[in-house]
Amino acid sequence: MSDAPAADGHLDALLDGPLNAQIDALASAQISSVQLTEGYLQRIAARNPDLGAFWAVDGEGARVAAQASDSRRQDNQAVHPLDGIPFAVKDNIDAAGLPTTAGMATRRGRLPESDATCVARLRRTGAVLLGKL
């Protein structure tokens, strides 16, 4: 599968649509995890300055995870239906290497070394962490 962007209309429909549509599109190789991830990262870059929804974005880590997912899928080794699906977590949930402030200025420098259980479980499925909300 190519890393070229999916047709804009198809990608937009997937990004706006239900999770099961993304799962089906990945499973049937209609789209790659890299394409989904880039689509979300582009939306975050375009909209977050006005919305302020994301506190931290890990574009580099997300791209690496998406590429790894696509490699697994090419080898028919996807570990879970969520393998390659981008996700984000609330700022009060630890994700290794991303700040966890829980909205408190006194915690701004806190960088956890390990993931919270829910993040670790999602990562084990191959899901792609975009950042913190």
# chains A, B, ... in the order shown; residues from 1 in each chain; ligands from 1
>>> residues_around(residues="range 91-102 of chain A", least_positions_apart="3", cutoff="8 Å", atoms="only C-alpha atoms", output="PDB file with N, CA and C atoms, in the first residue's frame")
ATOM      1  N   TRP A  55      -3.379  19.193  24.138  1.00  0.00           N
ATOM      2  CA  TRP A  55      -2.386  19.799  25.018  1.00  0.00           C
ATOM      3  C   TRP A  55      -0.986  19.437  24.524  1.00  0.00           C
ATOM      4  N   ALA A  56      -0.827  18.218  24.060  1.00  0.00           N
ATOM      5  CA  ALA A  56       0.460  17.744  23.543  1.00  0.00           C
ATOM      6  C   ALA A  56       0.188  16.831  22.352  1.00  0.00           C
ATOM      7  N   ASP A  58       2.175  14.157  19.664  1.00  0.00           N
ATOM      8  CA  ASP A  58       3.394  13.395  19.394  1.00  0.00           C
ATOM      9  C   ASP A  58       3.369  12.920  17.945  1.00  0.00           C
ATOM     10  N   ALA A 105      -0.571  23.743  36.836  1.00  0.00           N
ATOM     11  CA  ALA A 105       0.700  24.380  36.484  1.00  0.00           C
ATOM     12  C   ALA A 105       1.870  23.747  37.226  1.00  0.00           C
ATOM     13  N   THR A 106       1.644  23.271  38.434  1.00  0.00           N
ATOM     14  CA  THR A 106       2.721  22.678  39.223  1.00  0.00           C
ATOM     15  C   THR A 106       3.208  21.354  38.649  1.00  0.00           C
ATOM     16  N   ARG A 107       2.456  20.779  37.713  1.00  0.00           N
ATOM     17  CA  ARG A 107       2.846  19.495  37.120  1.00  0.00           C
ATOM     18  C   ARG A 107       3.337  19.655  35.681  1.00  0.00           C
ATOM     19  N   ARG A 108       3.590  20.861  35.241  1.00  0.00           N
ATOM     20  CA  ARG A 108       3.957  21.103  33.837  1.00  0.00           C
ATOM     21  C   ARG A 108       5.208  20.352  33.398  1.00  0.00           C
ATOM     22  N   GLY A 109       6.158  20.144  34.247  1.00  0.00           N
ATOM     23  CA  GLY A 109       7.395  19.474  33.856  1.00  0.00           C
ATOM     24  C   GLY A 109       7.360  17.966  34.015  1.00  0.00           C
ATOM     25  N   ARG A 110       6.231  17.418  34.404  1.00  0.00           N
ATOM     26  CA  ARG A 110       6.146  15.984  34.683  1.00  0.00           C
ATOM     27  C   ARG A 110       6.064  15.180  33.385  1.00  0.00           C
ATOM     28  N   LEU A 111       7.071  14.357  33.138  1.00  0.00           N
ATOM     29  CA  LEU A 111       7.100  13.461  31.979  1.00  0.00           C
ATOM     30  C   LEU A 111       7.153  12.023  32.488  1.00  0.00           C
ATOM     31  N   PRO A 112       6.045  11.324  32.471  1.00  0.00           N
ATOM     32  CA  PRO A 112       6.041   9.955  32.983  1.00  0.00           C
ATOM     33  C   PRO A 112       6.924   9.034  32.138  1.00  0.00           C
ATOM     34  N   GLU A 113       7.525   8.065  32.809  1.00  0.00           N
ATOM     35  CA  GLU A 113       8.391   7.107  32.126  1.00  0.00           C
ATOM     36  C   GLU A 113       7.626   5.889  31.632  1.00  0.00           C
ATOM     37  N   SER A 114       6.397   5.725  32.114  1.00  0.00           N
ATOM     38  CA  SER A 114       5.610   4.565  31.698  1.00  0.00           C
ATOM     39  C   SER A 114       4.182   4.994  31.386  1.00  0.00           C
ATOM     40  N   ASP A 115       3.483   4.125  30.686  1.00  0.00           N
ATOM     41  CA  ASP A 115       2.095   4.377  30.311  1.00  0.00           C
ATOM     42  C   ASP A 115       1.148   3.947  31.419  1.00  0.00           C
ATOM     43  N   ALA A 116       0.037   4.650  31.530  1.00  0.00           N
ATOM     44  CA  ALA A 116      -1.068   4.170  32.352  1.00  0.00           C
ATOM     45  C   ALA A 116      -1.546   2.851  31.740  1.00  0.00           C
ATOM     46  N   VAL A 119      -3.458   3.084  28.421  1.00  0.00           N
ATOM     47  CA  VAL A 119      -2.611   3.452  27.281  1.00  0.00           C
ATOM     48  C   VAL A 119      -1.750   2.259  26.871  1.00  0.00           C
ATOM     49  N   GLY A 131      -1.643  11.981  20.884  1.00  0.00           N
ATOM     50  CA  GLY A 131      -1.281  12.975  21.880  1.00  0.00           C
ATOM     51  C   GLY A 131      -2.261  13.019  23.027  1.00  0.00           C
ATOM     52  N   LYS A 132      -2.211  14.154  23.735  1.00  0.00           N
ATOM     53  CA  LYS A 132      -3.000  14.342  24.956  1.00  0.00           C
ATOM     54  C   LYS A 132      -4.010  15.462  24.766  1.00  0.00           C
ATOM     55  N   LEU A 133      -5.219  15.232  25.278  1.00  0.00           N
ATOM     56  CA  LEU A 133      -6.302  16.215  25.224  1.00  0.00           C
ATOM     57  C   LEU A 133      -6.401  16.950  26.541  1.00  0.00           C
TER      58      LEU A 133
END
>>> residues_around(residues="Leu41 in chain A", least_positions_apart="2", cutoff="12 Å", atoms="only C-alpha atoms", output="ChimeraX atom specification")
/A:15,33-39,43-48,54,56-63,66,86-88,128-131
>>> select_by_dssp(residues="range 21-97 of chain A", states="strand (DSSP E or B)", output="MDAnalysis selection string")
chainID A and resid 56:57 86:89 95
>>> atom_distance(atom1="CA of Gln22 in chain A", atom2="CA of Ile85 in chain A")
7.3 Å
>>> residues_around(residues="Asp70 in chain A", least_positions_apart="5", cutoff="9 Å", atoms="only C-alpha atoms", output="MDAnalysis selection string")
chainID A and resid 1 26 32:34 65 75 78 83:84
>>> select_by_dssp(residues="chain A", states="alpha helix (DSSP H)", output="number ranges by chain")
A: 8-16, 19-27, 33-51, 59-74, 117-124
>>> residues_around(residues="Ala21 in chain A", least_positions_apart="2", cutoff="12 Å", atoms="only C-alpha atoms", output="count of residues only")
22
>>> atom_distance(atom1="CA of Gly126 in chain A", atom2="CA of Arg72 in chain A")
9.3 Å
